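Enquirer: target_26.txt is the file, holding compact mmCIF, C-alpha atoms:
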# COMPACT_ATOMS: atom_id res chain seq x y z
CA MET J 126 115.16 -67.49 130.27
CA THR J 127 115.93 -65.29 127.29
CA SER J 128 118.39 -62.49 126.57
CA ARG J 129 117.17 -61.69 123.08
CA ILE J 130 116.51 -57.99 122.52
CA PRO J 131 112.74 -57.63 122.06
CA ILE J 132 110.84 -56.16 119.15
CA VAL J 133 108.56 -53.41 120.44
CA VAL J 134 105.56 -51.84 118.69
CA VAL J 135 104.82 -48.30 119.89
CA ALA J 136 101.29 -47.21 118.97
CA PRO J 137 100.06 -44.23 121.02
CA ASP J 138 97.30 -41.74 120.36
CA SER J 139 98.12 -38.05 120.59
CA PHE J 140 98.38 -36.51 124.06
CA LYS J 141 95.85 -33.77 123.36
CA GLY J 142 97.06 -30.26 124.05
CA SER J 143 100.59 -31.54 124.46
CA VAL J 144 102.27 -33.81 121.88
CA SER J 145 101.21 -35.52 118.65
CA ALA J 146 101.00 -39.29 118.37
CA ALA J 147 104.20 -39.30 116.31
CA ALA J 148 106.06 -37.20 118.90
CA ALA J 149 104.74 -39.36 121.73
CA GLY J 150 105.88 -42.48 119.90
CA ALA J 151 109.35 -41.03 119.30
CA ALA J 152 109.70 -40.12 122.99
CA ILE J 153 108.64 -43.60 124.11
CA ALA J 154 111.09 -45.13 121.64
CA ALA J 155 113.88 -42.94 123.03
CA GLY J 156 113.17 -44.20 126.55
CA ILE J 157 113.21 -47.84 125.42
CA ARG J 158 116.56 -47.35 123.69
CA ARG J 159 118.11 -46.25 126.98
CA VAL J 160 117.64 -49.86 128.05
CA TRP J 161 118.19 -51.63 124.71
CA PRO J 162 120.17 -49.36 122.34
CA ASP J 163 119.81 -51.84 119.47
CA VAL J 164 116.11 -52.56 120.00
CA GLU J 165 113.80 -52.76 116.98
CA VAL J 166 111.02 -50.27 117.57
CA ARG J 167 108.10 -50.23 115.13
CA LEU J 168 106.31 -46.88 115.33
CA CYS J 169 102.60 -46.79 114.54
CA PRO J 170 101.17 -43.37 115.50
CA MET J 171 97.45 -43.85 116.13
CA ALA J 172 94.17 -41.93 116.43
CA ASP J 173 90.48 -42.73 116.79
CA GLY J 174 88.82 -40.17 114.54
CA GLY J 175 89.46 -37.10 116.66
CA GLU J 176 92.32 -34.64 116.85
CA GLY J 177 95.46 -36.11 115.29
CA THR J 178 93.68 -38.54 112.96
CA LEU J 179 94.94 -36.81 109.84
CA ASP J 180 98.54 -36.83 111.04
CA ALA J 181 98.36 -40.50 112.05
CA VAL J 182 96.88 -41.64 108.74
CA LEU J 183 99.31 -39.62 106.65
CA SER J 184 102.33 -40.87 108.57
CA GLY J 185 102.14 -44.01 106.48
CA ARG J 186 100.80 -42.92 103.10
CA GLY J 187 99.35 -40.07 101.07
CA HIS J 188 99.90 -36.35 101.37
CA ARG J 189 98.45 -33.40 103.24
CA ALA J 190 96.87 -30.27 101.76
CA SER J 191 94.47 -27.57 102.91
CA ALA J 192 91.29 -25.91 101.72
CA ARG J 193 89.74 -22.54 102.45
CA VAL J 194 86.37 -23.23 104.09
CA SER J 195 84.02 -21.80 106.70
CA GLY J 196 84.98 -22.44 110.30
CA ALA J 197 82.41 -23.12 113.02
CA SER J 198 81.69 -19.40 113.41
CA GLY J 199 81.50 -18.80 109.64
CA THR J 200 84.92 -17.15 109.53
CA PRO J 201 87.03 -18.54 106.64
CA ILE J 202 89.88 -20.81 107.73
CA ALA J 203 92.51 -23.00 106.07
CA ALA J 204 91.54 -26.55 107.07
CA GLY J 205 93.85 -29.50 106.50
CA TYR J 206 92.83 -32.71 104.78
CA GLY J 207 94.59 -35.72 103.32
CA LEU J 208 94.61 -37.54 100.01
CA LEU J 209 95.79 -41.12 100.01
CA ASP J 210 98.06 -42.41 97.28
CA ASP J 211 95.20 -43.33 94.94
CA SER J 212 94.10 -39.62 94.90
CA ARG J 213 90.48 -40.75 95.08
CA THR J 214 90.39 -41.36 98.84
CA ALA J 215 90.15 -38.26 101.01
CA VAL J 216 90.69 -38.12 104.77
CA ILE J 217 88.81 -35.37 106.59
CA GLU J 218 89.31 -34.59 110.27
CA SER J 219 86.31 -32.62 111.57
CA ALA J 220 88.51 -31.06 114.24
CA GLN J 221 90.48 -29.34 111.47
CA VAL J 222 87.33 -27.38 110.57
CA VAL J 223 85.20 -27.09 113.72
CA SER J 224 87.63 -27.82 116.53
CA LEU J 225 86.56 -27.42 120.13
CA THR J 226 89.95 -25.82 120.79
CA ASP J 227 89.67 -23.21 118.00
CA PRO J 228 89.31 -19.81 119.71
CA VAL J 229 87.82 -18.16 116.62
CA GLY J 230 85.25 -20.87 116.01
CA THR J 231 84.19 -20.98 119.64
CA ALA J 232 84.09 -17.21 120.04
CA VAL J 233 80.43 -17.30 119.01
CA ASP J 234 77.72 -19.07 120.99
CA VAL J 235 77.29 -22.77 120.21
CA GLU J 236 73.77 -22.02 118.95
CA ARG J 237 75.32 -20.03 116.09
CA ARG J 238 78.01 -22.52 115.05
CA SER J 239 77.71 -24.65 111.92
CA THR J 240 79.32 -27.63 110.21
CA ARG J 241 79.01 -25.96 106.80
CA GLY J 242 82.79 -25.91 106.32
CA ILE J 243 83.00 -29.72 106.37
CA GLY J 244 80.46 -29.90 103.55
CA GLU J 245 82.42 -27.23 101.67
CA GLN J 246 85.56 -29.32 102.06
CA MET J 247 83.75 -32.39 100.71
CA LEU J 248 82.58 -30.38 97.67
CA GLN J 249 86.12 -29.25 96.89
CA LEU J 250 87.37 -32.82 97.18
CA LEU J 251 84.57 -34.08 94.92
CA ASP J 252 85.72 -31.50 92.37
CA ALA J 253 89.26 -32.86 92.73
CA GLY J 254 88.06 -36.39 91.90
CA ALA J 255 87.67 -37.92 95.36
CA ARG J 256 84.95 -40.55 95.61
CA GLN J 257 85.86 -42.16 98.91
CA PHE J 258 85.78 -40.21 102.14
CA MET J 259 87.09 -41.16 105.56
CA ILE J 260 85.72 -38.61 108.00
CA GLY J 261 86.85 -38.45 111.63
CA LEU J 262 84.25 -36.98 113.97
CA GLY J 263 86.03 -36.35 117.26
CA GLY J 264 86.77 -33.00 118.90
CA SER J 265 84.04 -30.90 117.27
CA SER J 266 82.60 -27.68 118.72
CA THR J 267 79.30 -27.84 116.81
CA ASN J 268 75.84 -29.12 117.72
CA ASP J 269 73.78 -28.45 114.58
CA GLY J 270 72.69 -31.99 113.71
CA GLY J 271 74.89 -31.82 110.62
CA ALA J 272 72.56 -29.21 109.10
CA GLY J 273 75.48 -27.09 107.96
CA LEU J 274 77.19 -29.96 106.17
CA LEU J 275 73.97 -30.92 104.38
CA ALA J 276 73.24 -27.31 103.41
CA ALA J 277 76.70 -26.99 101.85
CA LEU J 278 76.09 -30.17 99.85
CA GLY J 279 72.81 -28.94 98.40
CA PHE J 280 70.05 -29.21 100.99
CA ALA J 281 67.67 -26.23 100.97
CA LEU J 282 66.42 -25.21 104.42
CA ALA J 283 63.51 -22.78 104.39
CA SER J 284 61.17 -21.00 106.78
CA ALA J 285 57.37 -20.94 106.46
CA ASN J 286 57.57 -17.81 104.27
CA GLY J 287 60.19 -19.41 101.97
CA HIS J 288 63.27 -17.58 103.28
CA ASN J 289 66.55 -19.43 103.68
CA VAL J 290 67.24 -20.68 107.19
CA GLU J 291 70.74 -20.63 108.66
CA PRO J 292 71.91 -24.20 109.40
CA THR J 293 72.65 -23.52 113.06
CA PRO J 294 70.72 -24.40 116.22
CA ALA J 295 69.51 -20.79 116.35
CA GLY J 296 68.48 -20.77 112.69
CA LEU J 297 66.63 -24.07 112.95
CA ALA J 298 64.06 -22.36 115.18
CA LYS J 299 62.44 -21.03 111.96
CA LEU J 300 62.74 -24.21 109.90
CA ALA J 301 59.59 -25.30 108.09
CA SER J 302 60.84 -27.36 105.14
CA VAL J 303 63.85 -29.26 103.81
CA ASP J 304 64.41 -29.93 100.11
CA ALA J 305 67.13 -32.40 99.08
CA ARG J 306 66.61 -32.28 95.30
CA ALA J 307 69.74 -30.18 94.75
CA LEU J 308 71.98 -32.57 96.72
CA ASP J 309 75.24 -33.07 94.82
CA PRO J 310 74.65 -36.18 92.64
CA ARG J 311 78.28 -37.27 92.93
CA LEU J 312 77.58 -38.31 96.52
CA ALA J 313 75.39 -41.14 95.21
CA VAL J 314 78.47 -42.78 93.69
CA SER J 315 80.77 -41.98 96.61
CA ARG J 316 81.61 -44.04 99.67
CA ILE J 317 81.71 -42.42 103.11
CA THR J 318 83.39 -44.08 106.09
CA ILE J 319 82.50 -42.43 109.39
CA MET J 320 85.31 -42.69 111.94
CA SER J 321 83.93 -42.50 115.47
CA ASP J 322 83.62 -44.46 118.69
CA VAL J 323 80.34 -42.80 119.71
CA THR J 324 77.17 -44.93 119.60
CA ASN J 325 74.62 -42.36 120.83
CA PRO J 326 71.47 -41.60 118.83
CA LEU J 327 70.86 -38.07 117.56
CA CYS J 328 68.24 -36.91 120.04
CA GLY J 329 66.72 -37.66 123.41
CA LYS J 330 68.14 -38.46 126.84
CA TYR J 331 71.26 -40.07 125.39
CA GLY J 332 71.49 -37.88 122.28
CA ALA J 333 74.07 -35.42 121.04
CA THR J 334 72.72 -32.35 122.79
CA ALA J 335 72.03 -33.93 126.18
CA ILE J 336 75.28 -35.88 126.45
CA PHE J 337 77.86 -33.85 124.55
CA GLY J 338 76.24 -30.41 124.26
CA PRO J 339 77.31 -29.08 127.67
CA GLN J 340 81.03 -29.55 126.93
CA LYS J 341 80.52 -27.41 123.81
CA GLY J 342 78.74 -24.63 125.64
CA VAL J 343 75.07 -25.66 125.57
CA ARG J 344 73.52 -24.32 128.75
CA PRO J 345 71.44 -26.80 130.79
CA GLU J 346 68.25 -24.78 130.38
CA ARG J 347 68.69 -24.80 126.57
CA ILE J 348 69.18 -28.56 126.09
CA ALA J 349 65.51 -29.44 125.61
CA THR J 350 64.89 -26.57 123.17
CA ILE J 351 67.91 -27.30 120.99
CA ASP J 352 67.22 -31.03 121.06
CA ALA J 353 63.65 -30.42 119.84
CA ARG J 354 64.88 -28.19 116.99
CA ILE J 355 67.38 -30.78 115.83
CA ALA J 356 64.77 -33.55 116.04
CA HIS J 357 62.42 -31.43 113.89
CA PHE J 358 65.19 -30.81 111.34
CA ALA J 359 66.12 -34.50 111.30
CA THR J 360 62.54 -35.60 110.66
CA LEU J 361 62.22 -33.19 107.72
CA ALA J 362 65.62 -34.22 106.35
CA GLU J 363 64.74 -37.90 106.59
CA HIS J 364 61.49 -37.29 104.73
CA ALA J 365 63.38 -35.39 102.01
CA MET J 366 65.85 -38.26 101.58
CA GLY J 367 63.40 -41.13 102.08
CA ARG J 368 65.75 -42.65 104.65
CA ARG J 369 65.84 -42.81 108.45
CA ALA J 370 69.03 -42.21 110.41
CA GLN J 371 68.39 -40.25 113.61
CA ASP J 372 67.98 -43.36 115.77
CA LEU J 373 70.95 -45.23 114.34
CA PRO J 374 73.95 -45.86 116.65
CA GLY J 375 76.44 -43.03 116.18
CA ALA J 376 73.93 -40.52 114.83
CA GLY J 377 74.73 -38.31 117.82
CA ALA J 378 78.47 -38.21 117.14
CA ALA J 379 80.02 -34.76 116.69
CA GLY J 380 76.83 -32.89 117.51
CA GLY J 381 74.85 -34.78 114.88
CA LEU J 382 77.40 -35.03 112.09
CA GLY J 383 76.99 -38.77 112.48
CA PHE J 384 73.31 -38.38 111.59
CA ALA J 385 73.97 -36.25 108.50
CA LEU J 386 76.64 -38.58 107.15
CA GLN J 387 74.56 -41.71 107.77
CA LEU J 388 71.65 -39.98 106.04
CA LEU J 389 73.97 -39.71 103.02
CA GLY J 390 74.68 -43.44 103.23
CA GLY J 391 77.84 -43.26 105.32
CA GLU J 392 79.04 -46.36 107.17
CA PRO J 393 80.10 -45.94 110.81
CA ARG J 394 83.29 -47.71 111.85
CA SER J 395 85.53 -47.59 114.87
CA GLY J 396 87.91 -44.73 114.16
CA ALA J 397 90.80 -46.54 115.81
CA GLU J 398 90.12 -49.66 113.73
CA VAL J 399 90.15 -47.64 110.51
CA VAL J 400 93.44 -45.99 111.46
CA ALA J 401 94.89 -49.35 112.53
CA ASP J 402 94.14 -50.70 109.06
CA LEU J 403 95.63 -47.67 107.32
CA VAL J 404 98.87 -47.58 109.32
CA GLY J 405 99.41 -51.36 109.12
CA LEU J 406 99.20 -52.12 112.83
CA ASP J 407 98.73 -55.87 112.40
CA ALA J 408 101.74 -56.11 110.09
CA ALA J 409 103.82 -54.21 112.66
CA LEU J 410 102.69 -56.59 115.42
CA ASN J 411 103.73 -59.65 113.42
CA GLY J 412 106.68 -61.17 115.26
CA ALA J 413 106.71 -58.46 117.96
CA ASP J 414 107.22 -59.13 121.67
CA TRP J 415 105.64 -56.10 123.31
CA LEU J 416 103.24 -53.24 122.57
CA ILE J 417 103.24 -49.84 124.24
CA THR J 418 100.31 -47.48 123.75
CA GLY J 419 99.02 -44.34 125.46
CA GLU J 420 96.85 -41.24 125.41
CA GLY J 421 96.42 -37.95 127.22
CA ARG J 422 94.16 -39.33 129.93
CA SER J 423 92.89 -42.85 130.53
CA ASP J 424 89.61 -43.56 132.31
CA ALA J 425 86.49 -45.71 131.89
CA GLN J 426 85.91 -44.26 128.40
CA THR J 427 89.23 -45.73 127.28
CA LEU J 428 87.53 -49.12 127.42
CA GLN J 429 84.76 -48.02 125.08
CA GLY J 430 86.72 -48.25 121.85
CA LYS J 431 89.42 -45.63 122.38
CA THR J 432 92.79 -46.13 120.71
CA PRO J 433 94.62 -47.86 123.61
CA GLN J 434 91.94 -50.53 123.98
CA VAL J 435 91.75 -51.19 120.24
CA VAL J 436 95.50 -51.62 119.78
CA ALA J 437 95.77 -53.71 122.97
CA ARG J 438 93.16 -56.11 121.62
CA HIS J 439 94.97 -56.41 118.31
CA ALA J 440 98.08 -57.31 120.33
CA ALA J 441 96.17 -59.74 122.56
CA ALA J 442 94.96 -61.64 119.50
CA LEU J 443 98.65 -62.43 118.84
CA ARG J 444 99.41 -63.06 122.54
CA ILE J 445 101.52 -59.91 122.75
CA PRO J 446 101.35 -58.03 126.08
CA ALA J 447 100.35 -54.36 125.95
CA THR J 448 101.45 -51.63 128.35
CA LEU J 449 99.69 -48.29 128.82
CA ILE J 450 101.54 -44.99 129.38
CA SER J 451 99.18 -42.02 129.71
CA GLY J 452 99.31 -38.42 130.82
CA GLY J 453 96.95 -39.26 133.67
CA ILE J 454 95.04 -42.33 134.80
CA ASP J 455 91.73 -42.27 136.67
CA ALA J 456 92.32 -44.34 139.79
CA ALA J 457 88.70 -45.52 139.77
CA ALA J 458 89.20 -47.08 136.33
CA LEU J 459 92.53 -48.75 137.16
CA PRO J 460 91.09 -52.19 138.05
CA GLU J 461 89.31 -52.39 134.69
CA LEU J 462 92.29 -50.97 132.78
CA SER J 463 94.55 -53.55 134.42
CA ARG J 464 92.53 -56.35 132.83
CA GLU J 465 93.50 -55.02 129.39
CA PHE J 466 97.07 -53.85 130.01
CA ALA J 467 100.24 -55.38 131.41
CA GLY J 468 101.02 -52.32 133.50
CA CYS J 469 99.50 -48.85 133.50
CA PHE J 470 101.80 -45.86 133.99
CA ALA J 471 100.95 -42.16 134.42
CA LEU J 472 103.46 -39.45 133.52
CA PRO J 473 103.96 -37.53 136.79
CA SER J 474 106.66 -38.98 139.04
CA GLY J 475 105.63 -36.70 141.89
CA PRO J 476 103.45 -33.68 142.62
CA ALA J 477 103.12 -31.66 139.41
CA THR J 478 100.66 -29.28 137.79
CA LEU J 479 98.92 -30.08 134.53
CA GLU J 480 100.89 -27.25 132.91
CA GLN J 481 104.20 -28.80 134.04
CA CYS J 482 103.20 -32.21 132.69
CA VAL J 483 102.16 -30.74 129.34
CA ALA J 484 105.37 -28.73 129.03
CA ASN J 485 107.56 -31.74 129.84
CA ALA J 486 105.48 -34.48 128.23
CA GLU J 487 108.16 -35.85 125.90
CA ARG J 488 110.77 -36.10 128.66
CA LEU J 489 108.26 -37.72 131.01
CA LEU J 490 107.17 -40.18 128.33
CA ALA J 491 110.78 -41.22 127.72
CA ASP J 492 111.35 -41.63 131.46
CA ARG J 493 108.23 -43.78 131.94
CA ALA J 494 109.06 -45.90 128.89
CA GLU J 495 112.59 -46.47 130.20
CA GLN J 496 111.34 -47.67 133.57
CA ALA J 497 108.65 -49.85 132.01
CA ALA J 498 111.29 -51.41 129.75
CA ARG J 499 113.61 -52.11 132.71
CA LEU J 500 110.77 -53.79 134.60
CA TRP J 501 109.62 -55.77 131.57
CA GLY J 502 113.16 -56.82 130.73
CA ALA J 503 113.82 -57.99 134.28
CA ALA J 504 110.64 -60.06 134.25
CA ARG J 505 111.75 -61.80 131.05
CA VAL J 506 115.28 -62.52 132.24
CA ASN J 507 114.15 -63.82 135.62
CA ALA J 508 111.22 -65.87 134.38
CA PRO J 509 111.28 -69.59 135.27
CA ARG J 510 112.78 -71.72 132.51
CA GLY J 511 110.05 -72.65 130.02
CA ALA J 512 107.69 -69.86 131.10
CA ASP J 513 105.97 -67.86 128.37
CA CYS J 514 106.82 -64.19 128.93
CA SER J 515 105.78 -63.01 125.51
Using structure tokens, write down the structure from this file.
Expert:
Amino acid sequence: MTSRIPIVVVAPDSFKGSVSAAAAGAAIAAGIRRVWPDVEVRLCPMADGGEGTLDAVLSGRGHRASARVSGASGTPIAAGYGLLDDSRTAVIESAQVVSLTDPVGTAVDVERRSTRGIGEQMLQLLDAGARQFMIGLGGSSTNDGGAGLLAALGFALASANGHNVEPTPAGLAKLASVDARALDPRLAVSRITIMSDVTNPLCGKYGATAIFGPQKGVRPERIATIDARIAHFATLAEHAMGRRAQDLPGAGAAGGLGFALQLLGGEPRSGAEVVADLVGLDAALNGADWLITGEGRSDAQTLQGKTPQVVARHAAALRIPATLISGGIDAAALPELSREFAGCFALPSGPATLEQCVANAERLLADRAEQAARLWGAARVNAPRGADCS
């Protein structure tokens, strides 16, 4: 039996459309302190490459700035980015430029959206001296195979009569040639880390357009046509670079941004693992008794490299139990989730609309954390003498 106040690591992802990872962590910490006012809580806001990645990374180091670039629709926007303390490492969150939740960017049809703004942001950062890029690919609204990014960095896309081709799914219908000779030479001495948990190839049955296109607005009857255009572009781009990338795992991430960045020599890594390294998750877990994590909704995809699974496995390596508190939990996935987590808690305490849960997320998070802490504390106090409850 033990009465020692535990050390708790709180490492949630953002609850998309509701609260940031930092705000979620603060709410969970507040709930824990209702049970143990003097508890040591170590906050590690997390992300996996999607929305909130920039905020999570910069919570521990570096500073945030913004650049004027083209949004998904071509309309200029101010997109945030981060520079770490060495000023040579830039953190780019694709969702800052081509977010699926941006009403201006998504006002035009998906076939006319482009990733050009991400390439423009990379150019500005190259000018500022950056030579290492960490690029998160989640939450994008585009499906252009990364053509826009490559065009911004120097690729020339031309039609059969030599006219410039717009780097969009619609524009690629006229594509006849790709020339990479004007590609910015500074990229050859730069390092690109691709932050994503997607392993899909660029094209085909399991490619970007077929799997992720519909959630971005690709109509079912247009999937085959767009997929063929992107495959044609990718083949020409690979020939221009003398490198293959369209069949590599992760090439289909973010509508093909994964392909474009791997074509430039980028290295795919688990976004949550990259963030865990940057925020010092393992150091925070050292000597801790309990981990709490969470996300907006947990389902079978959570167990495919999403933030909660990654942080739970870091904790498991140190024999630290991990508890999941999420906005909603898919009942069908609960048996599998329960193998990873010591307790899975959803926010609603009774019948509630999604809007009510979003509006009251911080209060609900604190309430769930309080009850989880009371249950966990009781289990420790009442454990048989000599039992390992850590």
Enquirer: As an exercise, work out the distance from CA of Ala486 in chain J to CA of Pro473 in chain J in Å and give it to one decimal place.
Expert: 9.2 Å
Enquirer: Nearest to Thr360 in chain J among J:Met171, J:Ala409, J:Ala272, J:Ala477, with distances taken over all atoms listed in the file: which residue is it?
Expert: J:Ala272
Enquirer: Within 12 Å of (93.7, -39.7, 136.0) in the file's own coordinates, which protein, DNA or RNA residues have an atom, counting all atoms listed in the file? List them as a list in words.
Expert: Glu420, Gly421, Arg422, Ser423, Asp424, Ala425, Gln426, Thr427, Ile450, Ser451, Gly452, Gly453, Ile454, Asp455, Ala456, Ala457, Ala458, Leu459, Leu462, Cys469, Phe470, Ala471, Leu472, Pro473 and Leu479 of chain J
Enquirer: Give me the residues near Gly367 in chain J as a tab-separated table (two decimals) with C-alpha atoms, in the frame of the given file, where near means some atom within 10 Å (using all atoms listed in the file) and where sequence neighbours in that chain fewer than 3 positions away do not count.
Expert:
chain	number	residue	atom	x	y	z
J	305	ALA	CA	67.13	-32.40	99.08
J	361	LEU	CA	62.22	-33.19	107.72
J	362	ALA	CA	65.62	-34.22	106.35
J	363	GLU	CA	64.74	-37.90	106.59
J	364	HIS	CA	61.49	-37.29	104.73
J	388	LEU	CA	71.65	-39.98	106.04
Enquirer: My list of candidates is J:Leu443, J:Ala385, J:Cys482, J:Leu449. Which is closest to Gly271 in chain J when distances are computed with all atoms listed in the file?
Expert: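 Closest to Gly271 in chain J of all the choices is J:Ala385.
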Enquirer: Here is a test: counting only C-alpha atoms, which residue of J:Thr318, J:Val164, J:Val483, J:His439 is nearest to Asn411 in chain J?
Expert: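 For Asn411 in chain J, the nearest of the given residues is J:His439.
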Enquirer: Separation of CA of Arg158 in chain J and CA of Glu495 in chain J, in Å?
Expert: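 We find that CA of Arg158 in chain J and CA of Glu495 in chain J lie 7.7 Å from each other.
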Enquirer: With distances taken over all atoms listed in the file, which of J:Gln340, J:Thr478, J:Ser198, J:Thr448 is nearest to Arg464 in chain J?
Expert: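 Of J:Gln340, J:Thr478, J:Ser198, J:Thr448, the one nearest Arg464 in chain J is J:Thr448, counting all atoms listed in the file.
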Enquirer: Find the residue from J:Leu183, J:Val235, J:Leu327, J:Leu248 that sits nearest to Gly296 in chain J; use only C-alpha atoms when measuring.
Expert: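 Among the listed residues, J:Val235 lies closest to Gly296 in chain J.
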Enquirer: May I have the residues within 10 Å of Ala148 in chain J as a count of residues only, using all atoms listed in the file and disregarding those fewer than 2 positions away in the same chain?
Expert: 17
Enquirer: Please list, as a ChimeraX atom specification, the residues that have an atom at most 10 Å away from (76.1, -24.8, 118.8) in the coordinates of this file, counting only C-alpha atoms.
Expert: /J:197-198,231,233-240,266-270,293-295,334,338-339,341-343,351,380
Enquirer: J:Ile132, J:Ala376, J:Ala504, J:Val223: which is nearest Ala413 in chain J, counting all atoms listed in the file?
Expert: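 For Ala413 in chain J, the nearest of the candidates is J:Ile132.
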Enquirer: Listed atoms of range 435-448 of chain J, axis-aligned box, 6 Å per side: centre and edge lengths to one decimal in Å, as JSON?
Expert:
{"center_x": 96.6, "center_y": -57.1, "center_z": 123.3, "size_x": 21.8, "size_y": 23.9, "size_z": 22.0}
Enquirer: Residues at most 10 Å from Arg306 in chain J, counting all atoms listed in the file, excluding those fewer than 4 positions away in the same chain, as an MDAnalysis selection string?
Expert: chainID J and resid 279:281 310 365:366
Enquirer: Deliver the residues from the most recent selection as a file, using C-alpha atoms, as an mmCIF file, in the frame of the given file.
Expert:
data_model
loop_
_atom_site.group_PDB
_atom_site.id
_atom_site.type_symbol
_atom_site.label_atom_id
_atom_site.label_comp_id
_atom_site.auth_asym_id
_atom_site.auth_seq_id
_atom_site.Cartn_x
_atom_site.Cartn_y
_atom_site.Cartn_z
ATOM 1 C CA GLY J 279 72.810 -28.940 98.400
ATOM 2 C CA PHE J 280 70.050 -29.210 100.990
ATOM 3 C CA ALA J 281 67.670 -26.230 100.970
ATOM 4 C CA PRO J 310 74.650 -36.180 92.640
ATOM 5 C CA ALA J 365 63.380 -35.390 102.010
ATOM 6 C CA MET J 366 65.850 -38.260 101.580
#
Enquirer: Would you pick out the contacts of Gly377 in chain J at 12 Å or less, using only C-alpha atoms, so that residues sharing its chain but fewer than 5 positions from it are not included, and give the list as a PyMOL selection string?
Expert: chain J and resi 262-263+265+267-271+321-338+352+355-356+359+370-372+382-387+393
Enquirer: Mind completing range 357-368 of chain J with N, CA and C atoms? Output as a CSV table (one decimal), in the coordinates of the input, please?
Expert:
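Done, and the output landed in rebuild.csv:
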chain,number,residue,atom,x,y,z
J,357,HIS,N,63.3,-31.9,114.9
J,357,HIS,CA,62.4,-31.4,113.9
J,357,HIS,C,63.2,-31.4,112.5
J,358,PHE,N,64.4,-30.8,112.6
J,358,PHE,CA,65.2,-30.8,111.3
J,358,PHE,C,65.4,-32.2,110.8
J,359,ALA,N,65.8,-33.1,111.7
J,359,ALA,CA,66.1,-34.5,111.3
J,359,ALA,C,64.9,-35.2,110.7
J,360,THR,N,63.7,-35.0,111.2
J,360,THR,CA,62.5,-35.6,110.7
J,360,THR,C,62.3,-35.1,109.3
J,361,LEU,N,62.4,-33.8,109.1
J,361,LEU,CA,62.2,-33.2,107.7
J,361,LEU,C,63.3,-33.7,106.7
J,362,ALA,N,64.5,-33.8,107.2
J,362,ALA,CA,65.6,-34.2,106.4
J,362,ALA,C,65.4,-35.7,106.0
J,363,GLU,N,65.0,-36.5,106.9
J,363,GLU,CA,64.7,-37.9,106.6
J,363,GLU,C,63.6,-38.0,105.5
J,364,HIS,N,62.6,-37.2,105.7
J,364,HIS,CA,61.5,-37.3,104.7
J,364,HIS,C,62.0,-36.9,103.3
J,365,ALA,N,62.8,-35.9,103.3
J,365,ALA,CA,63.4,-35.4,102.0
J,365,ALA,C,64.3,-36.4,101.3
J,366,MET,N,64.9,-37.2,102.1
J,366,MET,CA,65.8,-38.3,101.6
J,366,MET,C,65.2,-39.6,101.4
J,367,GLY,N,64.0,-39.8,102.1
J,367,GLY,CA,63.4,-41.1,102.1
J,367,GLY,C,64.2,-42.2,102.8
J,368,ARG,N,64.9,-41.7,103.9
J,368,ARG,CA,65.8,-42.6,104.6
J,368,ARG,C,65.8,-42.2,106.1
